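> Have a peek at protein-v3.cif (mmCIF, C-alpha atoms and all ligand atoms).
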data_my_file
loop_
_atom_site.group_PDB
_atom_site.id
_atom_site.type_symbol
_atom_site.label_atom_id
_atom_site.label_comp_id
_atom_site.auth_asym_id
_atom_site.auth_seq_id
_atom_site.Cartn_x
_atom_site.Cartn_y
_atom_site.Cartn_z
ATOM 1 C CA MET A 806 -29.901 37.289 7.337
ATOM 2 C CA ASN A 807 -26.466 37.611 5.788
ATOM 3 C CA SER A 808 -25.376 34.104 4.821
ATOM 4 C CA ARG A 809 -21.579 34.584 4.978
ATOM 5 C CA PRO A 810 -21.068 34.614 8.757
ATOM 6 C CA SER A 811 -23.481 31.731 9.213
ATOM 7 C CA LYS A 812 -21.653 29.764 6.522
ATOM 8 C CA LEU A 813 -18.377 30.345 8.327
ATOM 9 C CA LEU A 814 -19.900 29.325 11.658
ATOM 10 C CA PHE A 815 -21.253 26.221 10.001
ATOM 11 C CA SER A 816 -17.806 25.377 8.616
ATOM 12 C CA ILE A 817 -16.236 25.827 12.018
ATOM 13 C CA ALA A 818 -18.917 23.674 13.664
ATOM 14 C CA VAL A 819 -18.380 20.985 11.018
ATOM 15 C CA ALA A 820 -14.636 21.220 11.586
ATOM 16 C CA LEU A 821 -14.935 20.910 15.359
ATOM 17 C CA LEU A 822 -17.320 17.982 15.118
ATOM 18 C CA GLY A 823 -15.067 16.406 12.523
ATOM 19 C CA LEU A 824 -11.980 16.868 14.642
ATOM 20 C CA SER A 825 -13.406 14.728 17.415
ATOM 21 C CA ALA A 826 -14.369 12.148 14.818
ATOM 22 C CA ALA A 827 -10.833 12.331 13.426
ATOM 23 C CA ASN A 828 -9.377 11.710 16.875
ATOM 24 C CA VAL A 829 -11.478 8.590 17.147
ATOM 25 C CA ALA A 830 -10.368 7.524 13.678
ATOM 26 C CA SER A 831 -6.667 8.025 14.438
ATOM 27 C CA ALA A 832 -7.030 5.962 17.607
ATOM 28 C CA ASN A 833 -8.474 3.259 15.416
ATOM 29 C CA GLU A 834 -5.667 1.275 13.806
ATOM 30 C CA ALA A 835 -8.064 0.140 11.076
ATOM 31 C CA ALA A 836 -7.514 3.519 9.373
ATOM 32 C CA ALA A 837 -3.812 2.767 8.846
ATOM 33 C CA PRO A 838 -3.978 0.202 6.006
ATOM 34 C CA ALA A 839 -6.030 2.537 3.781
ATOM 35 C CA ALA A 840 -3.474 5.285 4.368
ATOM 36 C CA ALA A 841 -0.550 2.958 3.683
ATOM 37 C CA ALA A 842 -2.123 2.010 0.373
ATOM 38 C CA GLY A 843 -2.487 5.678 -0.558
ATOM 39 C CA GLY A 844 -6.246 5.663 -0.027
ATOM 40 C CA LYS A 845 -8.240 8.619 1.188
ATOM 41 C CA PRO A 846 -7.553 9.141 4.921
ATOM 42 C CA ALA A 847 -10.638 9.443 7.132
ATOM 43 C CA GLN A 848 -9.544 12.925 8.267
ATOM 44 C CA VAL A 849 -10.063 14.304 4.771
ATOM 45 C CA GLY A 850 -13.733 14.533 5.737
ATOM 46 C CA VAL A 851 -12.754 17.245 8.251
ATOM 47 C CA CYS A 852 -10.235 19.072 6.073
ATOM 48 C CA ALA A 853 -12.728 19.130 3.190
ATOM 49 C CA ALA A 854 -14.884 21.713 4.995
ATOM 50 C CA CYS A 855 -12.198 24.305 4.231
ATOM 51 C CA HIS A 856 -9.716 22.811 1.752
ATOM 52 C CA GLY A 857 -12.112 20.711 -0.329
ATOM 53 C CA GLU A 858 -12.191 16.936 -0.659
ATOM 54 C CA ASN A 859 -9.539 17.039 -3.391
ATOM 55 C CA GLY A 860 -7.581 19.946 -1.978
ATOM 56 C CA VAL A 861 -9.226 22.567 -4.155
ATOM 57 C CA SER A 862 -10.631 25.152 -1.783
ATOM 58 C CA ALA A 863 -13.985 26.744 -2.472
ATOM 59 C CA SER A 864 -12.887 30.000 -0.830
ATOM 60 C CA PRO A 865 -9.803 32.215 -1.153
ATOM 61 C CA LEU A 866 -9.690 32.189 2.668
ATOM 62 C CA PHE A 867 -8.342 28.645 2.576
ATOM 63 C CA PRO A 868 -5.213 27.569 0.660
ATOM 64 C CA ASN A 869 -5.426 24.929 -2.072
ATOM 65 C CA LEU A 870 -3.588 21.758 -1.111
ATOM 66 C CA ALA A 871 -4.035 19.792 -4.354
ATOM 67 C CA GLY A 872 -0.676 18.979 -5.918
ATOM 68 C CA GLN A 873 1.318 20.703 -3.177
ATOM 69 C CA HIS A 874 4.614 18.938 -2.425
ATOM 70 C CA ARG A 875 4.157 16.102 0.022
ATOM 71 C CA SER A 876 7.055 17.270 2.183
ATOM 72 C CA TYR A 877 5.637 20.813 2.292
ATOM 73 C CA ILE A 878 2.293 19.524 3.608
ATOM 74 C CA GLU A 879 4.025 17.332 6.195
ATOM 75 C CA VAL A 880 6.243 20.184 7.395
ATOM 76 C CA ALA A 881 3.261 22.570 7.541
ATOM 77 C CA LEU A 882 1.111 20.152 9.573
ATOM 78 C CA LYS A 883 3.963 19.284 11.958
ATOM 79 C CA GLY A 884 4.629 23.010 12.377
ATOM 80 C CA TYR A 885 1.007 23.716 13.265
ATOM 81 C CA LYS A 886 1.012 20.781 15.673
ATOM 82 C CA SER A 887 4.221 21.835 17.457
ATOM 83 C CA GLY A 888 3.341 25.529 17.416
ATOM 84 C CA ALA A 889 6.348 26.402 15.224
ATOM 85 C CA ARG A 890 3.803 27.656 12.663
ATOM 86 C CA LYS A 891 1.094 29.649 14.353
ATOM 87 C CA ASN A 892 -2.499 29.717 13.159
ATOM 88 C CA ALA A 893 -5.442 29.394 15.520
ATOM 89 C CA VAL A 894 -7.554 27.355 13.100
ATOM 90 C CA MET A 895 -4.870 24.993 11.843
ATOM 91 C CA GLY A 896 -3.265 24.611 15.270
ATOM 92 C CA GLY A 897 -6.534 23.078 16.432
ATOM 93 C CA GLN A 898 -6.836 20.968 13.304
ATOM 94 C CA ALA A 899 -3.329 19.516 13.563
ATOM 95 C CA ALA A 900 -3.348 18.942 17.340
ATOM 96 C CA GLY A 901 -5.030 15.546 17.109
ATOM 97 C CA LEU A 902 -3.103 14.207 14.101
ATOM 98 C CA SER A 903 -0.514 11.443 14.571
ATOM 99 C CA ASP A 904 2.619 11.287 12.391
ATOM 100 C CA ALA A 905 0.932 8.505 10.411
ATOM 101 C CA ASP A 906 -2.174 10.684 9.888
ATOM 102 C CA ILE A 907 0.007 13.572 8.707
ATOM 103 C CA LYS A 908 1.869 11.336 6.286
ATOM 104 C CA ALA A 909 -1.373 9.891 4.881
ATOM 105 C CA LEU A 910 -2.918 13.363 4.481
ATOM 106 C CA ALA A 911 0.229 14.638 2.766
ATOM 107 C CA VAL A 912 0.202 11.670 0.372
ATOM 108 C CA TRP A 913 -3.491 12.228 -0.385
ATOM 109 C CA TYR A 914 -3.404 15.951 -1.010
ATOM 110 C CA SER A 915 -0.075 15.954 -2.878
ATOM 111 C CA SER A 916 -1.446 13.366 -5.299
ATOM 112 C CA GLN A 917 -4.597 15.358 -6.178
ATOM 113 C CA LYS A 918 -4.747 17.276 -9.450
ATOM 114 C CA PRO A 919 -3.568 20.850 -8.895
ATOM 115 C CA VAL A 920 -5.448 23.857 -10.236
ATOM 116 C CA LEU A 921 -2.884 26.261 -11.556
ATOM 117 C CA TYR A 922 -3.859 29.796 -12.340
ATOM 118 C CA THR A 923 -2.188 33.081 -12.996
ATOM 119 C CA VAL A 924 -3.038 36.418 -11.436
ATOM 120 C CA SER A 925 -3.988 39.451 -13.493
ATOM 121 C CA PRO A 926 -2.221 42.775 -12.855
ATOM 122 C CA GLU A 927 -5.395 43.776 -10.970
ATOM 123 C CA GLY A 928 -4.850 40.833 -8.642
ATOM 124 C CA GLU A 929 -7.737 38.694 -9.893
ATOM 125 C CA ALA A 930 -7.253 34.977 -10.433
ATOM 126 C CA LYS A 931 -7.550 33.793 -14.048
ATOM 127 C CA LYS A 932 -8.071 30.077 -14.704
HETATM 128 C C1 LIG B 1 -11.941 25.543 9.532
HETATM 129 C C2 LIG B 1 -11.161 25.580 8.293
HETATM 130 C C3 LIG B 1 -10.014 24.602 8.131
HETATM 131 C C4 LIG B 1 -10.018 23.232 8.319
HETATM 132 C C5 LIG B 1 -11.171 22.349 8.776
HETATM 133 C C6 LIG B 1 -8.693 22.766 7.951
HETATM 134 N N1 LIG B 1 -7.928 23.820 7.560
HETATM 135 FE FE1 LIG B 1 -6.004 23.713 6.891
HETATM 136 N N2 LIG B 1 -5.934 25.733 6.733
HETATM 137 C C7 LIG B 1 -6.960 26.597 7.053
HETATM 138 C C8 LIG B 1 -6.471 27.973 6.980
HETATM 139 C C9 LIG B 1 -7.271 29.234 7.275
HETATM 140 C C10 LIG B 1 -5.112 27.882 6.592
HETATM 141 C C11 LIG B 1 -4.114 29.031 6.409
HETATM 142 C C12 LIG B 1 -3.394 29.159 7.746
HETATM 143 C C13 LIG B 1 -2.137 29.972 7.720
HETATM 144 O O1 LIG B 1 -2.155 31.103 7.229
HETATM 145 O O2 LIG B 1 -1.092 29.452 8.201
HETATM 146 C C14 LIG B 1 -4.823 26.467 6.442
HETATM 147 C C15 LIG B 1 -3.580 25.974 6.059
HETATM 148 C C16 LIG B 1 -3.286 24.638 5.859
HETATM 149 C C17 LIG B 1 -2.027 24.138 5.342
HETATM 150 C C18 LIG B 1 -0.832 24.982 4.905
HETATM 151 C C19 LIG B 1 -1.076 25.403 3.472
HETATM 152 C C20 LIG B 1 0.000 26.287 2.903
HETATM 153 O O3 LIG B 1 -0.101 26.611 1.705
HETATM 154 O O4 LIG B 1 0.950 26.655 3.610
HETATM 155 C C21 LIG B 1 -2.122 22.777 5.300
HETATM 156 C C22 LIG B 1 -1.078 21.796 4.811
HETATM 157 C C23 LIG B 1 -3.443 22.435 5.803
HETATM 158 N N3 LIG B 1 -4.113 23.592 6.127
HETATM 159 C C24 LIG B 1 -3.912 21.140 5.913
HETATM 160 C C25 LIG B 1 -5.127 20.815 6.514
HETATM 161 C C26 LIG B 1 -5.540 19.465 6.790
HETATM 162 C C27 LIG B 1 -4.742 18.227 6.411
HETATM 163 C C28 LIG B 1 -6.754 19.545 7.414
HETATM 164 C C29 LIG B 1 -7.585 18.410 7.973
HETATM 165 C C30 LIG B 1 -6.954 17.631 9.029
HETATM 166 C C31 LIG B 1 -7.105 20.950 7.493
HETATM 167 N N4 LIG B 1 -6.088 21.690 6.955
HETATM 168 C C32 LIG B 1 -8.289 21.437 8.017
HETATM 169 C C33 LIG B 1 -8.246 26.240 7.374
HETATM 170 C C34 LIG B 1 -8.674 24.950 7.670
#
Could you take the file, read its structure, and then write that structure out as structure tokens?


Amino acid sequence: MNSRPSKLLFSIAVALLGLSAANVASANEAAAPAAAAGGKPAQVGVCAACHGENGVSASPLFPNLAGQHRSYIEVALKGYKSGARKNAVMGGQAAGLSDADIKALAVWYSSQKPVLYTVSPEGEAKK
């Protein structure tokens, strides 16, 4: 059996399961102090399926978030949540995030070490 589609299905299943867990976590005020201190927000467990724990994606299908500007991440997530930025996957991911969750996720991912690379004339990434 071809492993790619099943891997993708697995990622989506993980993401959907994680999203309900994330909703529970955001309803739980205990998550807030860790976020305020700049700790890893609980929702990172969900995002990691596509964007990686530290914001370095394992697949070119998913953008790297590591080292992205904090305000960019906040604006992107608020856009997905409001529908101003349309993407079926991220719309679902952002729907359950509170403003505090978004802020904590933006702080986390913007403070991770970025992986910069250039692109060859043939369009291949070079580290
Ligand atoms: C099932 C895979 C998947 C999961 C899980 C996921 N994302 Fe995404 N994310 C994507 C894809 C695909 C895009 C590109 C969407 C687009 O083109 O707008 C994206 C885009 C983004 C962007 C915009 C990046 C850019 O460069 O503009 C941000 C920010 C983001 N995701 C944050 C998150 C956060 C935070 C979580 C966890 C709450 C999360 N994502 C969970 C797949 C995922």

> 8 Å from ligand LIG 1 (chain B) is the threshold here; counting all atoms listed in the file, which polymer residues fall inside it? Answer as a ChimeraX atom specification.

/A:816-817,819-821,824,827,848-856,866-870,873,877-882,885,890-892,894-895,898-899,902,907,910-911,914

> CA of Asn859 in chain A and CA of Gly928 in chain A are how many Å apart?

24.8 Å

> Take the PyMOL selection byres (((chain A and resi 912) around 10) and not hetatm), apply it to the structure above, and return the hits as a list in words.

Ala840, Ala841, Ala842, Gly843, Gly844, Lys845, Pro846, Gly872, Gln873, His874, Arg875, Ser876, Ile878, Glu879, Asp906, Ile907, Lys908, Ala909, Leu910, Ala911, Trp913, Tyr914, Ser915, Ser916 and Gln917 of chain A

> Separation of CA of Lys883 in chain A and CA of Gly860 in chain A, in Å?

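Atom-to-atom, CA of Lys883 in chain A and CA of Gly860 in chain A are spaced 18.1 Å apart.
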
> Rounded to one decimal, what separation in Å do you get between CA of Glu929 in chain A and CA of Pro865 in chain A?

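Here the two named atoms are 11.1 Å from each other.
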